[in-house]
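Engineer: Okay, handing you the structure first.
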Amino acid sequence: MGIKEIQQEIIDEFSMFDDWMQRYEYMIELGKSLPLIDEKYKTEDNIIKGCQSKVWVHAELDEDKLVFTADSDAIITKGIIAILIRAFSNQKPQDIIAADTGFIDEIGLKEHLSPTRANGLLSMIKQMKLYAVAYQTQLS
Amino acid sequence: MFDVNTIRADFPILGRKVNGRPLVYFDNAATSQTPKQVIDAIVHYYSGYNANIHRGVHTLSQEATDKYEQAREKIKVHFNAAQSKEIIFTSGTTHGINLVANGYSSILKRGDEILVSAMEHHSNIVPWQMLAARTGAILKVIPMNTDGVLIMDEYEKLLSERTKLVFCNHVSNALGTINPIEEIIKKAHQVEAKVLIDGAQAAPHIKADLQALDVDFYTVSAHKMCGPTGIGILYGKEQWLNELPPYQGGGEMIAEVTFEKTTYADLPHKFEAGTPNICGGIAFGAALDYMNSIGFDDIATYENELLHYATQKLLGIEGLKIYGTAKHKTSVISFNIEGLHPYDIGTILDKLGIAVRTGHHCAQPIMDFYGIPGTVRASFAFYNMKTEIDTLVEGVRRAKDMLQ
């Protein structure tokens, strides 16, 4: 599935929730089920700065696709990561670079997109795109 | 008569909703809310006599100058400084600390020692590190125990004839500890060291008597005590302020200027270069009037009641741990729940309309000391209510249920 289709799927899932409680409970569930990152990637280098909670993102190529693994010490942040990984992992770097992130707004998490928000959602997206740019250069 | 409902009516913001729920504002240690009396002072200034001060012959300028200087006088009286020229208007506590740290760059020598407490805000650590780097002076830390209380025996051991400056907050922003500054000042003076006390967190709760304390420098921010942001004061004893070189050059701070030489103005103007925050200074005065009309004794009694009520209620939550358990505390509770990240708790509380601070509170060394990433901090003001604390406790329970 392409990034756009996956994003639409996430939007559809979130549209079933009536209030913030349900949305957050779902995100917390997603956070808890996020596959563990290999401990060796939880390095200082992989930490995304600007987050109140710690966030580690690691990327590696699987043939022509980029696979992300990530972790955080805060569970809501982990939930956000899980959503981002679902949307962007296992995709071609060029598609990740070109991807729109408007779906975050549509699933009612717009408040987390503010640059002043300490969870660093924007920094996470930027970091994933930077990885994509770096690996794109490697591929071409 | 202290009546919280009457007081609350003075604060327009307390009537608003956040995420569909009545605002519960427990981030008072970060900034306090503003009563209409202070908002009115700001409106009156801009709608009635906005003008630059100290140089105009015209009426508006005279009125603005008078009000600004009256505010300085009010601040002098409030903190019992000996003279109003010892009150320097600053943009806030951080500015005041930097002014002193910068001044000592030309006074300190290699090998001189500077002591800072283990529970300082970054704003009272970084300027001294910079000062130490510039001068070759050595920065040493007064340790604290797990209650968040300074170990005074260790402090005494650190003091010597090499000690030139001692820096400590009156109240810790992250823990709420009220430090024994009388003793700290007295001991420092025995070795002829000078003491700067960061009063930012104390000023909303405790009326410091600067002459009785015999403190050398004391800093305050207006926005922690019902005033606007961007204004504060540095108090310094006249003799020490005269010794310090000016911090910034510009208008207002000069006596005479030629291209060969400038003579500086007398205190306090020597440290007040450029057009100051005139409105802010006047509003700071109005904030002090407001708080004094309620009375600091009544404020302290009431806030203590809130502190004890909240402490007991919160400790009823399983797995909740409070950081900062000193006997003498202001109304600040820093806590964590076992296995949960403070950021997660804060996010859920925000959804419930409850404003708390989460994170390291600009005091990373304290968090490192406890080995935690941060805490949730609820800080209470005299306009908060026990029912709001009930809402907080309920919110924390709810967050815990959701997150665990």
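Residue numbering restarts at 1 for every chain of the structure tokens, chains are lettered A, B, ... in their displayed order, and ligands are numbered from 1 as they appear.
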Which residues of chain B come within 12 Å of chain A, and what is each one's closest atom pair and distance in Å (one decimal), counting only C-alpha atoms, sorted by chain and residue number, as a tab-separated table?
Structural biologist:
```
residue	atom	partner	partner_atom	distance
B:Asn19	CA	A:Trp20	CA	9.6
B:Gly20	CA	A:Trp20	CA	11.2
B:Gly339	CA	A:Ala74	CA	9.8
B:Leu340	CA	A:Ala74	CA	7.4
B:His341	CA	A:Ala74	CA	5.2
B:Pro342	CA	A:Ala74	CA	7.9
B:Tyr343	CA	A:Ser53	CA	6.6
B:Asp344	CA	A:Ile76	CA	5.9
B:Ile345	CA	A:Ile76	CA	9.4
B:Gly346	CA	A:Ile76	CA	10.6
B:Thr347	CA	A:Ile76	CA	8.3
B:Ile348	CA	A:Tyr24	CA	8.4
B:Leu349	CA	A:Met21	CA	11.4
B:Asp350	CA	A:Trp20	CA	11.4
B:Lys351	CA	A:Trp20	CA	7.8
B:Leu352	CA	A:Met21	CA	9.8
B:Arg357	CA	A:Gln52	CA	11.3
B:Thr358	CA	A:Gln52	CA	8.3
B:Gly359	CA	A:Gln52	CA	6.3
B:His360	CA	A:Gln52	CA	8.5
B:His361	CA	A:Gln52	CA	10.7
B:Cys362	CA	A:Gln52	CA	11.6
B:Ile372	CA	A:Asp73	CA	11.3
B:Pro373	CA	A:Ser53	CA	7.9
B:Gly374	CA	A:Gln52	CA	8.7
B:Thr375	CA	A:Gln52	CA	11.0
B:Val376	CA	A:Gln52	CA	11.9
B:Arg398	CA	A:Met21	CA	10.3
B:Ala399	CA	A:Met21	CA	10.2
B:Lys400	CA	A:Glu25	CA	11.7
B:Asp401	CA	A:Glu25	CA	10.1
B:Met402	CA	A:Glu25	CA	6.5
B:Leu403	CA	A:Ile28	CA	6.8
B:Gln404	CA	A:Ile28	CA	9.2
```
Engineer: Using DSSP on the backbone coordinates, identify the residues of region 5-126 of chain A assigned to strand (DSSP E or B); present them as a PDB file with N, CA and C atoms, in the first residue's frame.
Structural biologist:
```
ATOM      1  N   ILE A  47      18.916  10.217  19.031  1.00  0.00           N
ATOM      2  CA  ILE A  47      17.906  10.963  19.800  1.00  0.00           C
ATOM      3  C   ILE A  47      17.484  12.202  19.018  1.00  0.00           C
ATOM      4  N   VAL A  55      13.115  10.564  22.255  1.00  0.00           N
ATOM      5  CA  VAL A  55      12.683   9.841  21.056  1.00  0.00           C
ATOM      6  C   VAL A  55      13.921   9.395  20.274  1.00  0.00           C
ATOM      7  N   TRP A  56      13.951   8.106  20.002  1.00  0.00           N
ATOM      8  CA  TRP A  56      15.029   7.580  19.158  1.00  0.00           C
ATOM      9  C   TRP A  56      14.429   7.105  17.840  1.00  0.00           C
ATOM     10  N   VAL A  57      15.053   7.472  16.736  1.00  0.00           N
ATOM     11  CA  VAL A  57      14.598   6.967  15.445  1.00  0.00           C
ATOM     12  C   VAL A  57      15.796   6.371  14.708  1.00  0.00           C
ATOM     13  N   HIS A  58      15.596   5.162  14.215  1.00  0.00           N
ATOM     14  CA  HIS A  58      16.644   4.510  13.436  1.00  0.00           C
ATOM     15  C   HIS A  58      16.057   4.148  12.074  1.00  0.00           C
ATOM     16  N   ALA A  59      16.873   4.272  11.028  1.00  0.00           N
ATOM     17  CA  ALA A  59      16.386   3.931   9.693  1.00  0.00           C
ATOM     18  C   ALA A  59      17.393   3.027   8.998  1.00  0.00           C
ATOM     19  N   GLU A  60      16.896   2.037   8.263  1.00  0.00           N
ATOM     20  CA  GLU A  60      17.805   1.254   7.412  1.00  0.00           C
ATOM     21  C   GLU A  60      17.089   0.806   6.148  1.00  0.00           C
ATOM     22  N   LEU A  61      17.897   0.574   5.118  1.00  0.00           N
ATOM     23  CA  LEU A  61      17.318   0.182   3.830  1.00  0.00           C
ATOM     24  C   LEU A  61      17.035  -1.312   3.795  1.00  0.00           C
ATOM     25  N   ASP A  62      15.877  -1.650   3.231  1.00  0.00           N
ATOM     26  CA  ASP A  62      15.586  -3.043   2.930  1.00  0.00           C
ATOM     27  C   ASP A  62      15.312  -3.050   1.431  1.00  0.00           C
ATOM     28  N   LYS A  65      13.535  -0.007  -0.104  1.00  0.00           N
ATOM     29  CA  LYS A  65      12.603   0.634   0.837  1.00  0.00           C
ATOM     30  C   LYS A  65      13.291   0.976   2.158  1.00  0.00           C
ATOM     31  N   LEU A  66      12.771   2.035   2.765  1.00  0.00           N
ATOM     32  CA  LEU A  66      13.350   2.503   4.017  1.00  0.00           C
ATOM     33  C   LEU A  66      12.500   1.996   5.184  1.00  0.00           C
ATOM     34  N   VAL A  67      13.161   1.363   6.151  1.00  0.00           N
ATOM     35  CA  VAL A  67      12.435   0.822   7.307  1.00  0.00           C
ATOM     36  C   VAL A  67      12.825   1.617   8.556  1.00  0.00           C
ATOM     37  N   PHE A  68      11.809   2.126   9.232  1.00  0.00           N
ATOM     38  CA  PHE A  68      12.068   2.885  10.450  1.00  0.00           C
ATOM     39  C   PHE A  68      11.749   2.037  11.679  1.00  0.00           C
ATOM     40  N   THR A  69      12.600   2.154  12.689  1.00  0.00           N
ATOM     41  CA  THR A  69      12.220   1.678  14.019  1.00  0.00           C
ATOM     42  C   THR A  69      12.456   2.857  14.963  1.00  0.00           C
ATOM     43  N   ALA A  70      11.640   2.917  16.001  1.00  0.00           N
ATOM     44  CA  ALA A  70      11.743   4.071  16.895  1.00  0.00           C
ATOM     45  C   ALA A  70      11.226   3.711  18.272  1.00  0.00           C
ATOM     46  N   ASP A  71      11.543   4.565  19.220  1.00  0.00           N
ATOM     47  CA  ASP A  71      11.063   4.342  20.583  1.00  0.00           C
ATOM     48  C   ASP A  71      11.021   5.677  21.314  1.00  0.00           C
ATOM     49  N   SER A  72      10.290   5.680  22.395  1.00  0.00           N
ATOM     50  CA  SER A  72      10.253   6.867  23.254  1.00  0.00           C
ATOM     51  C   SER A  72      10.026   6.407  24.675  1.00  0.00           C
ATOM     52  N   GLN A  91       8.588   2.200   2.851  1.00  0.00           N
ATOM     53  CA  GLN A  91       8.257   2.952   1.638  1.00  0.00           C
ATOM     54  C   GLN A  91       9.551   3.378   0.959  1.00  0.00           C
TER      55      GLN A  91
END
```
Engineer: I need the residues of region 59-299 of chain B that end up classed as helix (DSSP H, G or I) by DSSP on the backbone, written out as a compact mmCIF listing (two decimals) with N, CA and C atoms, in the first residue's frame.
Structural biologist:
```txt
# COMPACT_ATOMS: atom_id res chain seq x y z
N THR B 59 4.07 67.38 29.55
CA THR B 59 3.26 66.86 30.65
C THR B 59 3.19 65.34 30.67
N LEU B 60 2.93 64.73 29.51
CA LEU B 60 2.81 63.28 29.48
C LEU B 60 4.09 62.61 29.98
N SER B 61 5.23 63.12 29.51
CA SER B 61 6.50 62.55 29.91
C SER B 61 6.69 62.68 31.42
N GLN B 62 6.28 63.81 31.94
CA GLN B 62 6.40 64.04 33.38
C GLN B 62 5.51 63.06 34.15
N GLU B 63 4.29 62.87 33.65
CA GLU B 63 3.37 61.94 34.33
C GLU B 63 3.92 60.52 34.30
N ALA B 64 4.42 60.11 33.13
CA ALA B 64 4.95 58.75 33.00
C ALA B 64 6.16 58.57 33.92
N THR B 65 7.04 59.59 33.93
CA THR B 65 8.23 59.51 34.79
C THR B 65 7.82 59.39 36.26
N ASP B 66 6.86 60.21 36.67
CA ASP B 66 6.41 60.18 38.07
C ASP B 66 5.89 58.80 38.44
N LYS B 67 5.04 58.25 37.58
CA LYS B 67 4.44 56.94 37.88
C LYS B 67 5.50 55.85 37.93
N TYR B 68 6.43 55.93 37.00
CA TYR B 68 7.50 54.93 36.93
C TYR B 68 8.35 54.99 38.21
N GLU B 69 8.69 56.19 38.62
CA GLU B 69 9.51 56.33 39.82
C GLU B 69 8.71 56.00 41.09
N GLN B 70 7.40 56.27 41.03
CA GLN B 70 6.56 55.85 42.17
C GLN B 70 6.58 54.34 42.31
N ALA B 71 6.57 53.66 41.17
CA ALA B 71 6.60 52.19 41.20
C ALA B 71 7.90 51.72 41.83
N ARG B 72 8.99 52.37 41.46
CA ARG B 72 10.29 52.00 42.05
C ARG B 72 10.24 52.18 43.57
N GLU B 73 9.62 53.27 43.98
CA GLU B 73 9.50 53.56 45.41
C GLU B 73 8.66 52.48 46.12
N LYS B 74 7.57 52.08 45.45
CA LYS B 74 6.71 51.03 46.03
C LYS B 74 7.50 49.74 46.22
N ILE B 75 8.31 49.43 45.21
CA ILE B 75 9.10 48.19 45.26
C ILE B 75 10.12 48.30 46.40
N LYS B 76 10.71 49.48 46.51
CA LYS B 76 11.68 49.71 47.60
C LYS B 76 11.03 49.49 48.95
N VAL B 77 9.84 50.05 49.13
CA VAL B 77 9.13 49.91 50.40
C VAL B 77 8.75 48.45 50.64
N HIS B 78 8.22 47.82 49.59
CA HIS B 78 7.77 46.44 49.73
C HIS B 78 8.89 45.51 50.21
N SER B 84 15.77 53.87 47.12
CA SER B 84 15.15 53.45 45.87
C SER B 84 16.17 53.35 44.73
N LYS B 85 17.31 54.02 44.84
CA LYS B 85 18.32 53.87 43.77
C LYS B 85 19.01 52.52 43.80
N GLU B 86 18.73 51.74 44.84
CA GLU B 86 19.27 50.38 44.87
C GLU B 86 18.35 49.39 44.13
N THR B 93 14.30 38.30 36.30
CA THR B 93 15.36 37.73 37.14
C THR B 93 16.60 37.36 36.35
N THR B 94 16.40 36.72 35.20
CA THR B 94 17.55 36.29 34.39
C THR B 94 18.43 37.48 34.01
N HIS B 95 17.80 38.57 33.64
CA HIS B 95 18.53 39.79 33.29
C HIS B 95 19.34 40.29 34.48
N GLY B 96 18.68 40.29 35.65
CA GLY B 96 19.35 40.76 36.87
C GLY B 96 20.59 39.93 37.19
N ILE B 97 20.45 38.62 37.07
CA ILE B 97 21.58 37.72 37.36
C ILE B 97 22.71 37.97 36.37
N ASN B 98 22.36 38.10 35.09
CA ASN B 98 23.39 38.34 34.08
C ASN B 98 24.10 39.68 34.29
N LEU B 99 23.34 40.66 34.75
CA LEU B 99 23.93 41.97 35.01
C LEU B 99 25.03 41.85 36.06
N VAL B 100 24.75 41.12 37.12
CA VAL B 100 25.73 40.96 38.20
C VAL B 100 26.89 40.09 37.72
N ALA B 101 26.56 38.97 37.06
CA ALA B 101 27.61 38.05 36.60
C ALA B 101 28.55 38.77 35.63
N ASN B 102 27.97 39.57 34.75
CA ASN B 102 28.78 40.31 33.80
C ASN B 102 29.69 41.31 34.52
N GLY B 103 29.13 41.98 35.51
CA GLY B 103 29.90 42.97 36.27
C GLY B 103 31.10 42.35 36.97
N TYR B 104 30.93 41.15 37.45
CA TYR B 104 32.03 40.52 38.19
C TYR B 104 33.12 39.97 37.28
N SER B 105 32.89 39.99 35.97
CA SER B 105 33.92 39.57 35.03
C SER B 105 35.19 40.38 35.21
N SER B 106 35.03 41.64 35.56
CA SER B 106 36.22 42.49 35.67
C SER B 106 36.72 42.56 37.12
N HIS B 122 18.44 26.91 35.71
CA HIS B 122 19.53 27.11 34.76
C HIS B 122 19.98 28.57 34.68
N SER B 123 19.03 29.48 34.89
CA SER B 123 19.38 30.90 34.80
C SER B 123 20.30 31.32 35.93
N ASN B 124 20.39 30.51 36.97
CA ASN B 124 21.32 30.84 38.05
C ASN B 124 22.49 29.85 38.06
N VAL B 126 24.03 28.94 34.49
CA VAL B 126 24.76 29.23 33.25
C VAL B 126 25.53 30.56 33.31
N PRO B 127 24.92 31.66 33.79
CA PRO B 127 25.69 32.90 33.84
C PRO B 127 26.97 32.78 34.67
N TRP B 128 26.92 31.95 35.73
CA TRP B 128 28.11 31.80 36.58
C TRP B 128 29.13 30.91 35.92
N GLN B 129 28.67 29.93 35.17
CA GLN B 129 29.61 29.11 34.39
C GLN B 129 30.34 29.99 33.39
N MET B 130 29.56 30.89 32.75
CA MET B 130 30.16 31.79 31.77
C MET B 130 31.16 32.72 32.46
N LEU B 131 30.77 33.19 33.66
CA LEU B 131 31.65 34.07 34.42
C LEU B 131 32.94 33.32 34.79
N ALA B 132 32.79 32.08 35.23
CA ALA B 132 33.96 31.27 35.61
C ALA B 132 34.87 31.07 34.40
N ALA B 133 34.26 30.81 33.25
CA ALA B 133 35.06 30.59 32.04
C ALA B 133 35.82 31.87 31.65
N ARG B 134 35.18 33.02 31.85
CA ARG B 134 35.83 34.28 31.46
C ARG B 134 36.96 34.67 32.40
N THR B 135 36.82 34.32 33.68
CA THR B 135 37.75 34.84 34.68
C THR B 135 38.73 33.81 35.20
N MET B 152 23.88 22.13 54.98
CA MET B 152 24.56 23.33 55.45
C MET B 152 25.98 23.05 55.95
N ASP B 153 26.21 21.85 56.49
CA ASP B 153 27.58 21.51 56.93
C ASP B 153 28.53 21.54 55.75
N GLU B 154 28.04 21.00 54.62
CA GLU B 154 28.88 20.97 53.42
C GLU B 154 29.11 22.38 52.90
N TYR B 155 28.09 23.19 53.02
CA TYR B 155 28.22 24.60 52.60
C TYR B 155 29.34 25.27 53.39
N GLU B 156 29.31 25.06 54.71
CA GLU B 156 30.33 25.69 55.55
C GLU B 156 31.73 25.22 55.18
N LYS B 157 31.82 23.93 54.83
CA LYS B 157 33.14 23.40 54.46
C LYS B 157 33.64 24.03 53.16
N LEU B 158 32.69 24.37 52.26
CA LEU B 158 33.10 24.95 50.97
C LEU B 158 33.56 26.40 51.11
N ILE B 181 18.11 31.24 53.76
CA ILE B 181 19.02 32.25 53.18
C ILE B 181 19.65 33.16 54.24
N GLU B 182 18.96 33.35 55.39
CA GLU B 182 19.56 34.19 56.44
C GLU B 182 20.92 33.61 56.82
N GLU B 183 20.90 32.29 57.04
CA GLU B 183 22.11 31.60 57.47
C GLU B 183 23.15 31.59 56.35
N ILE B 184 22.67 31.37 55.12
CA ILE B 184 23.59 31.34 53.98
C ILE B 184 24.31 32.68 53.84
N ILE B 185 23.54 33.75 53.99
CA ILE B 185 24.11 35.09 53.84
C ILE B 185 25.11 35.37 54.98
N LYS B 186 24.69 35.05 56.19
CA LYS B 186 25.54 35.31 57.36
C LYS B 186 26.88 34.59 57.25
N LYS B 187 26.80 33.31 56.86
CA LYS B 187 28.04 32.51 56.77
C LYS B 187 28.94 33.04 55.65
N ALA B 188 28.33 33.44 54.55
CA ALA B 188 29.12 33.96 53.42
C ALA B 188 29.83 35.25 53.83
N HIS B 189 29.11 36.08 54.58
CA HIS B 189 29.70 37.35 54.99
C HIS B 189 30.87 37.17 55.95
N GLN B 190 30.88 36.05 56.67
CA GLN B 190 32.00 35.79 57.58
C GLN B 190 33.31 35.61 56.83
N LEU B 210 14.88 43.02 52.76
CA LEU B 210 16.25 42.98 52.23
C LEU B 210 17.28 43.54 53.22
N GLN B 211 16.87 44.57 53.97
CA GLN B 211 17.84 45.11 54.94
C GLN B 211 18.07 44.15 56.09
N ALA B 212 16.99 43.53 56.57
CA ALA B 212 17.15 42.58 57.68
C ALA B 212 17.98 41.38 57.22
N LEU B 213 17.76 40.96 55.97
CA LEU B 213 18.52 39.82 55.44
C LEU B 213 19.99 40.17 55.26
N ALA B 222 8.43 40.27 37.89
CA ALA B 222 7.06 40.71 38.19
C ALA B 222 6.02 39.68 37.80
N HIS B 223 6.28 38.94 36.71
CA HIS B 223 5.22 38.06 36.19
C HIS B 223 4.95 36.84 37.07
N LYS B 224 5.78 36.64 38.08
CA LYS B 224 5.49 35.55 39.02
C LYS B 224 4.59 36.05 40.14
N GLU B 238 24.07 49.68 47.53
CA GLU B 238 24.62 50.80 46.77
C GLU B 238 26.11 50.64 46.49
N GLN B 239 26.84 50.28 47.54
CA GLN B 239 28.29 50.17 47.41
C GLN B 239 28.70 49.17 46.33
N TRP B 240 28.01 48.04 46.28
CA TRP B 240 28.38 47.01 45.29
C TRP B 240 27.93 47.42 43.89
N LEU B 241 26.77 48.05 43.81
CA LEU B 241 26.30 48.50 42.49
C LEU B 241 27.25 49.55 41.92
N ASN B 242 27.79 50.40 42.82
CA ASN B 242 28.74 51.40 42.36
C ASN B 242 30.02 50.76 41.85
N GLU B 243 30.39 49.64 42.46
CA GLU B 243 31.61 48.95 42.05
C GLU B 243 31.49 48.29 40.69
N HIS B 269 20.21 54.70 37.20
CA HIS B 269 20.16 54.86 35.74
C HIS B 269 21.38 54.27 35.02
N LYS B 270 22.49 54.17 35.75
CA LYS B 270 23.71 53.58 35.19
C LYS B 270 23.44 52.20 34.59
N PHE B 271 22.48 51.48 35.19
CA PHE B 271 22.18 50.13 34.72
C PHE B 271 20.89 50.06 33.89
N ILE B 278 8.46 50.93 30.59
CA ILE B 278 7.80 51.91 31.46
C ILE B 278 6.48 51.35 31.97
N CYS B 279 5.67 50.91 31.05
CA CYS B 279 4.37 50.37 31.40
C CYS B 279 4.53 49.18 32.35
N GLY B 280 5.50 48.34 32.05
CA GLY B 280 5.75 47.16 32.88
C GLY B 280 6.10 47.54 34.31
N GLY B 281 6.95 48.53 34.45
CA GLY B 281 7.35 48.98 35.78
C GLY B 281 6.15 49.49 36.57
N ILE B 282 5.33 50.28 35.90
CA ILE B 282 4.14 50.83 36.55
C ILE B 282 3.17 49.71 36.93
N ALA B 283 3.02 48.74 36.03
CA ALA B 283 2.12 47.62 36.30
C ALA B 283 2.68 46.73 37.42
N PHE B 284 3.99 46.63 37.52
CA PHE B 284 4.61 45.88 38.61
C PHE B 284 4.20 46.53 39.94
N GLY B 285 4.27 47.86 39.95
CA GLY B 285 3.83 48.58 41.16
C GLY B 285 2.39 48.27 41.49
N ALA B 286 1.54 48.23 40.47
CA ALA B 286 0.12 47.94 40.68
C ALA B 286 -0.06 46.51 41.20
N ALA B 287 0.79 45.59 40.72
CA ALA B 287 0.70 44.19 41.18
C ALA B 287 1.06 44.09 42.66
N LEU B 288 2.08 44.84 43.07
CA LEU B 288 2.45 44.83 44.49
C LEU B 288 1.32 45.43 45.34
N ASP B 289 0.73 46.52 44.84
CA ASP B 289 -0.42 47.12 45.56
C ASP B 289 -1.51 46.07 45.74
N TYR B 290 -1.77 45.33 44.66
CA TYR B 290 -2.84 44.34 44.69
C TYR B 290 -2.54 43.24 45.72
N MET B 291 -1.33 42.70 45.63
CA MET B 291 -1.00 41.59 46.55
C MET B 291 -0.95 42.07 48.00
N ASN B 292 -0.48 43.29 48.19
CA ASN B 292 -0.45 43.81 49.56
C ASN B 292 -1.85 44.11 50.09
N SER B 293 -2.77 44.42 49.18
CA SER B 293 -4.14 44.67 49.64
C SER B 293 -4.77 43.37 50.15
N ILE B 294 -4.31 42.25 49.63
CA ILE B 294 -4.78 40.96 50.15
C ILE B 294 -3.97 40.60 51.39
N PHE B 296 0.29 39.52 52.51
CA PHE B 296 1.16 38.36 52.33
C PHE B 296 1.01 37.32 53.43
N ASP B 297 0.61 37.75 54.62
CA ASP B 297 0.40 36.77 55.70
C ASP B 297 -0.78 35.87 55.37
N ASP B 298 -1.87 36.50 54.93
CA ASP B 298 -3.06 35.72 54.57
C ASP B 298 -2.77 34.83 53.37
N ILE B 299 -2.03 35.36 52.41
CA ILE B 299 -1.67 34.58 51.23
C ILE B 299 -0.89 33.33 51.64
```
Engineer: Using CA of Ser172 (chain B) and CA of Phe89 (chain B) as the two end points, give the distance in Å to one decimal.
Structural biologist: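 Taking CA of Ser172 (chain B) and CA of Phe89 (chain B), their separation equals 22.9 Å.
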Engineer: Quick one: everything within 8 Å of Ile10 (chain A), counting only C-alpha atoms, minus sequence neighbours fewer than 4 positions away in the same chain. Send it as a count of residues only.
Structural biologist: 4
Engineer: Mind checking which residues fall within 8 Å of Leu34 (chain A), counting only C-alpha atoms, ignoring those fewer than 4 positions away in the same chain, and posting them as a PyMOL selection string?
Structural biologist: chain A and resi 30+71+78-79+82
Engineer: Between CA of Ile11 (chain A) and CA of Ser89 (chain A), what is the distance, to one decimal in Å?
Structural biologist: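 Atom-to-atom, CA of Ile11 (chain A) to CA of Ser89 (chain A), that is 17.2 Å.
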Engineer: May I have the residues within 12 Å of Glu5 (chain A) as a list in words, using only C-alpha atoms and disregarding those fewer than 5 positions away in the same chain?
Structural biologist: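 Listing them by chain and then by number gives Ile10, Ile11, Asp12, Arg86, Ala87, Phe88, Ala99, Asp100 and Phe103 of chain A.
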Engineer: Tell me, as a list of chain:residue names, which residues lie within 10 Å of Lys129 (chain A), counting only C-alpha atoms; anything in the same chain fewer than 5 positions away does not count.
Structural biologist: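 Using only C-alpha atoms, the neighbours found are A:Phe88, A:Pro93, A:Gln94, A:Asp95, A:Ile96, A:Ile97, A:Ala98, A:Ala99, A:Ser123, A:Met124, A:Ala134, A:Tyr135.
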